[in-house]
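Peer 1: Would you mind keeping the following structure in view while I ask a few things?
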Amino acid sequence: MDKLNVLISKEEIESKVADLADELRRDYKDKRPILIGILKGSFVFMSDLIRKMDIPVEIDFVRLSSYGSGKETSGKIRHVHGVNIPIRDRHVLVIEDIVDRGLTVHFLLDYLGRQEPASLKLCTLFDKPSGRAMEITIDYVGFTLPDSFVVGYGLDFDEKFRYLPDLYVLED
């Protein structure tokens with residue numbers, strides 16, 4: 001049976017999302033950025049973030065996969081659904097729920113960079129640098145996490161726990 005222990009409360013998450021939104025609003029206020037969320041995990045964070053940014057943005061989503069039903073990445077990225085908005089000469093902000101090994105984000109940033117956006121930055125709510133396999137520059141970070149498997153606030157384990165409002169450590 002899985003055991004869940006609260007790591008970050010919904011109140012702490014809400015406050016951090018507001019702080020990130022303030023920073024992004026200042027940085028993008030006159031740029032009408034394209035926010036690209038990485039599905040499925042980023043949808044909760046991105047939804048809360050864009051409402052708090054309160055500036056005109058365009059949104060799109062990509063669906064990439066490197067996990068099966070386990071807790072470890074396969075290391076192989078599958079491009080399930082790509083970007084539909086032209087991004088050349090546009091300001092692009094990638095929204096990710098969590099950056100851990102960095103393989104998925106590295107793959108996406110490389111792919112988007114080849115399309116010559118005016119700027120390309122990364123925003124993640126959760127950063128887990130201890131297991132990083134790729135060097136990744138994260139421009140906007142909410143929380144730095146310990147090396148634990150986490151669920152909640154959009155993050156799942158085998159499609160479970162996304163609905164939880166807090167961030168939990170999942171223990172066996």
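Note on naming: chains are A, B, ... as they come in the structure tokens, residues start from 1 per chain, ligands start from 1 in the order shown.
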With segment 32-49 of chain A as the partner and 6 Å as the cut-off, tabulate the residues of segment 61-154 of chain A that qualify, each row holding the nearest pair of atoms and their distance in Å to one decimal, using only C-alpha atoms, sorted by chain and rising number, as CSV.
Peer 2:
```
residue,atom,partner,partner_atom,distance
A:Phe61,CA,A:Gly37,CA,4.7
A:Val62,CA,A:Ile38,CA,5.1
A:Arg63,CA,A:Leu39,CA,4.8
A:His91,CA,A:Pro33,CA,4.9
A:Val92,CA,A:Ile34,CA,4.9
A:Leu93,CA,A:Leu35,CA,4.8
A:Val94,CA,A:Ile36,CA,4.8
A:Ile95,CA,A:Gly37,CA,4.6
A:Glu96,CA,A:Ser42,CA,5.2
A:Asp97,CA,A:Ser42,CA,4.5
A:Gly154,CA,A:Gly41,CA,4.9
```
Peer 1: Among segment 16-166 of chain A, which ones does DSSP place in strand (DSSP E or B), written as a count of residues only?
Peer 2: 54
Peer 1: Hey, can you check how far atom CA of Glu135 of chain A sits from atom CA of Lys121 of chain A?
Peer 2: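 Between atom CA of Glu135 of chain A and atom CA of Lys121 of chain A the gap is 14.3 Å.
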Peer 1: Between A:Asp166, A:Val57, A:Leu103, A:Pro117, which residue has the minimum interatomic distance to Lys29 of chain A, considering only C-alpha atoms?
Peer 2: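 Among A:Asp166, A:Val57, A:Leu103, A:Pro117, it is A:Val57 that comes nearest to Lys29 of chain A.
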Peer 1: If you measure from atom CA of Ala21 of chain A to atom CA of Ile55 of chain A, what distance in Å do you get, rounded to one decimal?
Peer 2: 9.8 Å
Peer 1: For Leu64 of chain A, which residue among A:Gly152, A:Gly142, A:Phe107, A:Ser9 is the nearest when counting only C-alpha atoms?
Peer 2: A:Phe107
Peer 1: Measuring between only C-alpha atoms, which one of A:Val6, A:Ile87, A:Leu170, A:Ile136 shows the shortest distance to Val151 of chain A?
Peer 2: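 The shortest atom-to-atom distance to Val151 of chain A comes from A:Leu170.
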Peer 1: Check segment 12-143 of chain A with DSSP on the backbone and list each residue it calls helix (DSSP H, G or I), as a PyMOL selection string.
Peer 2: chain A and resi 12-28+43-53+103-113+129-131
Peer 1: For atom CA of Ile59 of chain A and atom CA of Tyr111 of chain A, determine how far apart the two atoms are, in Å to one decimal place.
Peer 2: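 Rounded to one decimal, the two atoms are 17.3 Å apart.
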Peer 1: Taking into account only C-alpha atoms, which residue in the set A:Leu108, A:Leu125, A:Leu164, A:Leu7 is nearest to Asp147 of chain A?
Peer 2: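 The shortest atom-to-atom distance to Asp147 of chain A comes from A:Leu7.
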Peer 1: Calculated over only C-alpha atoms, which of the candidates A:Ser119, A:Thr137, A:Thr144, A:Thr124 has the smallest distance to Tyr28 of chain A?
Peer 2: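 Smallest separation from Tyr28 of chain A among the options: A:Ser119.
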Peer 1: Using only C-alpha atoms, find the one residue out of A:Val169, A:Met134, A:Met53, A:Leu20 that sits nearest to Pro146 of chain A.
Peer 2: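 Of all the options, A:Val169 lies closest to Pro146 of chain A.
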